[in-house]
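Pasted below: target-v8.cif, mmCIF, C-alpha atoms, pLDDT in the B column; chains and numbers go by the auth columns.
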data_structure
#
loop_
_atom_site.group_PDB
_atom_site.id
_atom_site.type_symbol
_atom_site.label_atom_id
_atom_site.label_comp_id
_atom_site.label_asym_id
_atom_site.label_seq_id
_atom_site.Cartn_x
_atom_site.Cartn_y
_atom_site.Cartn_z
_atom_site.B_iso_or_equiv
_atom_site.auth_seq_id
_atom_site.auth_asym_id
ATOM 1 C CA MET A 1 135.665 123.121 99.547 64.00 193 A
ATOM 2 C CA PRO A 2 132.040 122.316 100.427 74.00 194 A
ATOM 3 C CA GLU A 3 129.910 120.478 97.919 74.00 195 A
ATOM 4 C CA ILE A 4 127.082 122.513 96.423 73.00 196 A
ATOM 5 C CA THR A 5 124.171 120.630 94.875 70.00 197 A
ATOM 6 C CA ASN A 6 120.935 121.587 93.187 68.00 198 A
ATOM 7 C CA LEU A 7 117.373 120.714 94.202 66.00 199 A
ATOM 8 C CA ASP A 8 114.697 122.020 91.853 66.00 200 A
ATOM 9 C CA PRO A 9 111.113 121.619 93.168 73.00 201 A
ATOM 10 C CA ARG A 10 109.780 122.272 89.652 73.00 202 A
ATOM 11 C CA LYS A 11 111.224 118.889 88.650 77.00 203 A
ATOM 12 C CA SER A 12 109.282 117.003 91.321 82.00 204 A
ATOM 13 C CA THR A 13 106.115 115.270 90.174 86.00 205 A
ATOM 14 C CA VAL A 14 103.425 113.120 91.737 90.00 206 A
ATOM 15 C CA THR A 15 101.403 110.954 89.359 89.00 207 A
ATOM 16 C CA VAL A 16 98.186 109.234 90.439 92.00 208 A
ATOM 17 C CA GLY A 17 97.008 106.806 87.772 89.00 209 A
ATOM 18 C CA SER A 18 97.822 108.646 84.558 86.00 210 A
ATOM 19 C CA ARG A 19 97.211 112.117 86.014 90.00 211 A
ATOM 20 C CA PHE A 20 99.944 114.485 87.155 90.00 212 A
ATOM 21 C CA LEU A 21 98.895 116.314 90.302 91.00 213 A
ATOM 22 C CA THR A 22 99.138 120.101 89.984 90.00 214 A
ATOM 23 C CA GLY A 23 98.494 123.166 92.118 89.00 215 A
ATOM 24 C CA PHE A 24 100.804 122.393 95.029 88.00 216 A
ATOM 25 C CA ALA A 25 100.892 124.611 98.099 87.00 217 A
ATOM 26 C CA PRO A 26 103.808 127.031 98.570 84.00 218 A
ATOM 27 C CA ASP A 27 105.127 125.206 101.646 81.00 219 A
ATOM 28 C CA GLY A 28 105.823 121.851 99.970 81.00 220 A
ATOM 29 C CA ILE A 29 104.908 119.287 97.353 86.00 221 A
ATOM 30 C CA PHE A 30 104.957 115.931 99.134 87.00 222 A
ATOM 31 C CA THR A 31 106.094 114.090 102.223 89.00 223 A
ATOM 32 C CA LEU A 32 106.745 110.339 102.097 90.00 224 A
ATOM 33 C CA VAL A 33 106.796 108.588 105.496 91.00 225 A
ATOM 34 C CA TRP A 34 107.582 104.868 105.833 91.00 226 A
ATOM 35 C CA ASN A 35 105.247 102.895 108.098 92.00 227 A
ATOM 36 C CA ALA A 36 107.943 100.643 109.568 90.00 228 A
ATOM 37 C CA ASP A 37 111.689 100.257 109.929 90.00 229 A
ATOM 38 C CA ARG A 38 113.221 98.059 107.214 87.00 230 A
ATOM 39 C CA VAL A 39 115.298 96.124 109.735 90.00 231 A
ATOM 40 C CA SER A 40 115.677 95.816 113.481 90.00 232 A
ATOM 41 C CA LEU A 41 118.485 94.401 115.607 90.00 233 A
ATOM 42 C CA THR A 42 117.921 91.917 118.422 90.00 234 A
ATOM 43 C CA VAL A 43 120.900 91.419 120.755 91.00 235 A
ATOM 44 C CA GLY A 44 121.181 88.473 123.151 89.00 236 A
ATOM 45 C CA SER A 45 122.536 88.516 126.699 90.00 237 A
ATOM 46 C CA GLN A 46 126.054 87.583 125.522 89.00 238 A
ATOM 47 C CA GLY A 47 126.147 90.270 122.837 88.00 239 A
ATOM 48 C CA ASP A 48 125.291 88.052 119.864 90.00 240 A
ATOM 49 C CA GLY A 49 122.933 89.819 117.532 90.00 241 A
ATOM 50 C CA VAL A 50 120.632 89.116 114.658 92.00 242 A
ATOM 51 C CA TYR A 51 119.068 91.453 112.152 91.00 243 A
ATOM 52 C CA VAL A 52 115.347 90.926 111.659 90.00 244 A
ATOM 53 C CA GLU A 53 114.084 92.020 108.256 90.00 245 A
ATOM 54 C CA ASN A 54 110.667 93.666 108.155 89.00 246 A
ATOM 55 C CA ALA A 55 108.417 92.784 105.225 90.00 247 A
ATOM 56 C CA ASP A 56 106.315 95.962 105.596 90.00 248 A
ATOM 57 C CA GLU A 57 107.183 98.098 102.559 91.00 249 A
ATOM 58 C CA SER A 58 104.237 100.469 102.912 93.00 250 A
ATOM 59 C CA ALA A 59 104.311 104.231 103.300 94.00 251 A
ATOM 60 C CA ILE A 60 102.017 107.225 103.579 94.00 252 A
ATOM 61 C CA LEU A 61 102.398 109.905 100.918 93.00 253 A
ATOM 62 C CA THR A 62 101.034 113.305 101.926 93.00 254 A
ATOM 63 C CA VAL A 63 100.513 115.837 99.134 92.00 255 A
ATOM 64 C CA THR A 64 99.811 119.447 100.024 91.00 256 A
ATOM 65 C CA LEU A 65 97.714 121.378 97.522 91.00 257 A
ATOM 66 C CA SER A 66 96.303 124.849 97.247 89.00 258 A
ATOM 67 C CA PRO A 67 92.505 124.845 97.825 87.00 259 A
ATOM 68 C CA THR A 68 91.853 125.919 94.220 87.00 260 A
ATOM 69 C CA SER A 69 93.947 123.138 92.642 89.00 261 A
ATOM 70 C CA SER A 70 92.179 121.016 90.026 90.00 262 A
ATOM 71 C CA SER A 71 93.739 117.969 91.698 92.00 263 A
ATOM 72 C CA VAL A 72 91.562 118.490 94.807 91.00 264 A
ATOM 73 C CA THR A 73 88.421 117.359 92.970 91.00 265 A
ATOM 74 C CA PHE A 74 90.265 114.399 91.446 92.00 266 A
ATOM 75 C CA LEU A 75 91.567 113.170 94.831 93.00 267 A
ATOM 76 C CA GLU A 76 88.160 113.696 96.489 92.00 268 A
ATOM 77 C CA GLU A 77 86.532 111.535 93.785 91.00 269 A
ATOM 78 C CA MET A 78 89.210 108.869 94.265 91.00 270 A
ATOM 79 C CA CYS A 79 88.509 108.828 97.987 92.00 271 A
ATOM 80 C CA PHE A 80 84.712 108.697 97.792 92.00 272 A
ATOM 81 C CA ASN A 81 84.740 106.104 94.977 92.00 273 A
ATOM 82 C CA ARG A 82 87.178 103.961 96.981 92.00 274 A
ATOM 83 C CA ALA A 83 89.285 103.732 93.844 88.00 275 A
ATOM 84 C CA SER A 84 92.860 102.482 93.772 91.00 276 A
ATOM 85 C CA TYR A 85 95.501 103.658 91.328 92.00 277 A
ATOM 86 C CA PRO A 86 99.250 103.327 90.901 94.00 278 A
ATOM 87 C CA VAL A 87 101.218 106.270 92.299 93.00 279 A
ATOM 88 C CA THR A 88 104.631 107.493 91.181 92.00 280 A
ATOM 89 C CA VAL A 89 106.667 110.098 93.047 90.00 281 A
ATOM 90 C CA ASN A 90 109.548 111.451 90.988 87.00 282 A
ATOM 91 C CA ASP A 91 112.275 114.022 91.552 82.00 283 A
ATOM 92 C CA ALA A 92 114.300 114.669 88.409 80.00 284 A
ATOM 93 C CA SER A 93 116.636 117.252 89.980 73.00 285 A
ATOM 94 C CA PRO A 94 120.161 116.586 88.697 71.00 286 A
ATOM 95 C CA ASP A 95 121.605 116.000 92.171 69.00 287 A
ATOM 96 C CA ALA A 96 118.607 114.286 93.791 72.00 288 A
ATOM 97 C CA ARG A 97 117.185 111.859 91.230 80.00 289 A
ATOM 98 C CA ILE A 98 114.756 109.457 92.844 83.00 290 A
ATOM 99 C CA THR A 99 111.561 107.646 91.927 88.00 291 A
ATOM 100 C CA TYR A 100 109.153 105.779 94.183 90.00 292 A
ATOM 101 C CA TYR A 101 106.308 103.659 92.823 93.00 293 A
ATOM 102 C CA SER A 102 103.460 101.709 94.380 92.00 294 A
ATOM 103 C CA PRO A 103 100.485 99.947 92.766 91.00 295 A
ATOM 104 C CA LYS A 104 96.938 99.962 94.134 92.00 296 A
ATOM 105 C CA CYS A 105 97.198 103.104 96.255 94.00 297 A
ATOM 106 C CA ARG A 106 94.196 104.737 97.896 94.00 298 A
ATOM 107 C CA VAL A 107 93.380 108.112 99.369 94.00 299 A
ATOM 108 C CA GLN A 108 93.079 107.543 103.112 93.00 300 A
ATOM 109 C CA LYS A 109 90.363 110.140 103.853 92.00 301 A
ATOM 110 C CA PRO A 110 88.918 113.355 102.436 89.00 302 A
ATOM 111 C CA ALA A 111 90.942 116.465 103.229 88.00 303 A
ATOM 112 C CA ASP A 112 89.934 118.792 106.035 85.00 304 A
ATOM 113 C CA LYS A 113 88.270 121.921 104.669 78.00 305 A
ATOM 114 C CA ASN A 114 89.053 125.372 106.029 77.00 306 A
ATOM 115 C CA ARG A 115 87.902 128.757 104.774 75.00 307 A
ATOM 116 C CA GLY A 116 89.044 132.028 106.299 75.00 308 A
ATOM 117 C CA PRO A 117 90.635 135.368 105.554 76.00 309 A
ATOM 118 C CA SER A 118 93.802 133.765 104.110 74.00 310 A
ATOM 119 C CA ALA A 119 94.345 130.919 101.668 71.00 311 A
ATOM 120 C CA SER A 120 94.833 127.658 103.508 81.00 312 A
ATOM 121 C CA THR A 121 96.289 124.424 102.196 86.00 313 A
ATOM 122 C CA VAL A 122 94.606 121.080 101.569 89.00 314 A
ATOM 123 C CA SER A 123 96.471 117.868 102.453 91.00 315 A
ATOM 124 C CA TYR A 124 95.682 114.352 101.272 92.00 316 A
ATOM 125 C CA SER A 125 97.235 111.197 102.681 94.00 317 A
ATOM 126 C CA ILE A 126 97.655 108.434 100.125 94.00 318 A
ATOM 127 C CA ILE A 127 98.343 104.897 101.330 95.00 319 A
ATOM 128 C CA MET A 128 101.116 103.274 99.297 94.00 320 A
ATOM 129 C CA PRO A 129 100.951 99.531 100.174 93.00 321 A
ATOM 130 C CA LYS A 130 104.181 98.308 98.543 92.00 322 A
ATOM 131 C CA VAL A 131 106.688 100.996 97.656 91.00 323 A
ATOM 132 C CA SER A 132 109.569 100.220 95.331 89.00 324 A
ATOM 133 C CA ASN A 133 112.528 102.546 95.019 83.00 325 A
ATOM 134 C CA ARG A 134 113.354 103.104 91.388 70.00 326 A
ATOM 135 C CA GLY A 135 115.912 105.777 92.172 52.00 327 A
ATOM 136 C CA ARG A 136 119.540 105.572 91.197 46.00 328 A
ATOM 137 C CA ASP A 137 122.595 107.458 92.219 41.00 329 A
ATOM 138 C CA LYS A 138 124.925 109.432 89.972 44.00 330 A
ATOM 139 C CA THR A 139 127.288 106.483 89.452 40.00 331 A
ATOM 140 C CA GLN A 140 124.575 104.320 87.871 43.00 332 A
ATOM 141 C CA LYS A 141 123.628 106.572 84.956 48.00 333 A
ATOM 142 C CA THR A 142 122.900 104.676 81.768 50.00 334 A
ATOM 143 C CA SER A 143 124.648 105.935 78.650 48.00 335 A
ATOM 144 C CA VAL A 144 122.664 107.048 75.623 53.00 336 A
ATOM 145 C CA ALA A 145 124.343 104.357 73.521 53.00 337 A
ATOM 146 C CA THR A 146 123.244 101.620 75.948 57.00 338 A
ATOM 147 C CA LYS A 147 119.656 102.901 75.906 59.00 339 A
ATOM 148 C CA ALA A 148 119.660 103.113 72.084 59.00 340 A
ATOM 149 C CA ALA A 149 121.019 99.567 71.786 60.00 341 A
ATOM 150 C CA GLY A 150 118.237 98.303 74.058 63.00 342 A
ATOM 151 C CA ILE A 151 115.564 100.077 72.004 66.00 343 A
ATOM 152 C CA ILE A 152 116.956 98.681 68.738 68.00 344 A
ATOM 153 C CA ARG A 153 117.185 95.172 70.219 69.00 345 A
ATOM 154 C CA LYS A 154 113.553 95.325 71.396 70.00 346 A
ATOM 155 C CA GLY A 155 112.457 96.555 67.974 68.00 347 A
ATOM 156 C CA LEU A 156 114.242 93.674 66.229 66.00 348 A
ATOM 157 C CA GLN A 157 112.708 91.198 68.670 70.00 349 A
ATOM 158 C CA LYS A 158 109.237 92.495 67.811 70.00 350 A
ATOM 159 C CA ILE A 159 109.926 92.085 64.101 71.00 351 A
ATOM 160 C CA TYR A 160 111.764 88.749 64.115 67.00 352 A
ATOM 161 C CA GLY A 161 110.935 87.247 67.488 67.00 353 A
ATOM 162 C CA LYS A 162 113.344 86.590 70.345 59.00 354 A
ATOM 163 C CA ALA A 163 116.960 86.101 69.315 50.00 355 A
ATOM 164 C CA GLY A 164 118.656 82.789 69.953 47.00 356 A
ATOM 165 C CA ASN A 165 122.345 82.006 69.397 44.00 357 A
ATOM 166 C CA ASN A 166 122.785 85.645 68.245 47.00 358 A
ATOM 167 C CA GLN A 167 120.642 84.949 65.169 47.00 359 A
ATOM 168 C CA CYS A 168 117.084 86.070 64.497 44.00 360 A
ATOM 169 C CA GLN A 169 114.748 83.097 64.514 46.00 361 A
ATOM 170 C CA ARG A 170 112.184 83.299 61.730 46.00 362 A
ATOM 171 C CA PRO A 171 109.827 80.388 61.123 49.00 363 A
ATOM 172 C CA GLY A 172 110.262 78.492 57.851 50.00 364 A
ATOM 173 C CA ILE A 173 113.885 79.459 57.256 47.00 365 A
ATOM 174 C CA ARG A 174 116.643 76.899 57.595 49.00 366 A
ATOM 175 C CA ALA A 175 119.727 77.743 59.670 48.00 367 A
ATOM 176 C CA ALA A 176 121.949 78.014 56.566 48.00 368 A
ATOM 177 C CA GLU A 177 119.643 80.672 55.029 49.00 369 A
ATOM 178 C CA ARG A 178 119.514 82.949 58.092 47.00 370 A
ATOM 179 C CA GLU A 179 121.131 86.366 57.935 49.00 371 A
ATOM 180 C CA PRO A 180 124.162 86.913 60.153 47.00 372 A
ATOM 181 C CA ALA A 181 123.398 88.464 63.514 47.00 373 A
ATOM 182 C CA VAL A 182 123.889 92.174 64.049 48.00 374 A
ATOM 183 C CA VAL A 183 125.242 93.038 67.481 49.00 375 A
ATOM 184 C CA TYR A 184 124.791 96.519 68.916 46.00 376 A
ATOM 185 C CA GLY A 185 126.651 97.636 71.932 44.00 377 A
#

Representation of the structure as structure tokens:
Amino acid sequence: MPEITNLDPRKSTVTVGSRFLTGFAPDGIFTLVWNADRVSLTVGSQGDGVYVENADESAILTVTLSPTSSSVTFLEEMCFNRASYPVTVNDASPDARITYYSPKCRVQKPADKNRGPSASTVSYSIIMPKVSNRGRDKTQKTSVATKAAGIIRKGLQKIYGKAGNNQCQRPGIRAAEREPAVVYG
């Protein structure tokens, strides 16, 4: 039986700085194109080969907006001010979870403007200099209990400081007077 999955474009977001882009065109939300191959293969005359890793982790993110989107003005200002912001591309669809992030991104150029008898789209290319993949597949889901334990542990560390030897270290208290450690997990 063929596998049927779900892709929900309403769960795709593009964040520039702290602003969620809105007003996407009907023909798509984003396109992410890598600038270089991650690896290449060089083969010698006797068939021996070596993989050559490429350090270029940059990409071009193209977002397609409707001409009346409030994000058009925001991206134009970013371009003309030569401002750089972190960019996050996220798809939270149940079967296609993926997140890409890059710091210090810039809008490559102002969008081409077109006015005519029908509504056109406006496209912006955003340079993402170092893209990290924060996506995870279905087998790597973190349980709610594991997340809760991490949150509790961080909270205790803020109150008592970093834990050492499974006991909270508080200044001025001798080892014999310390409370027993509580382990979550």

Q. Of the candidates A:Thr260, A:Ser250, A:Gln238, A:Ser294, which shows the shortest atom-to-atom distance to Asn282 (chain A), using all atoms listed in the file?
A. A:Ser294

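From CA of Ile290 (chain A) back to CA of Ala251 (chain A), the distance works out to 15.7 Å.
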
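Each of A:Ala217, A:Val231, A:Met320, A:Leu267 was checked against Ala247 (chain A) using all atoms listed in the file; the smallest atom-to-atom distance is that of A:Val231.
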
Could you write out as JSON the box around region 252-262 of chain A (axis-aligned, all atoms listed in the file, 4 Å on each side), with centre and edge lengths in Å to one decimal?
{"center_x": 97.1, "center_y": 116.6, "center_z": 96.8, "size_x": 18.5, "size_y": 26.7, "size_z": 21.6}

Q) Excluding same-chain residues fewer than 2 positions from Pro321 (chain A), what lies within 12 Å of it counting only C-alpha atoms, as a ChimeraX atom specification? A) /A:226-228,247-253,276-279,292-300,318-319,323-324

Q: Write out as a list in words which residues come within 12 Å of Tyr243 (chain A) when counting all atoms listed in the file, dropping same-chain ones fewer than 4 positions away.
A: Asp229, Arg230, Val231, Ser232, Leu233, Thr234, Val235 and Gly236 of chain A
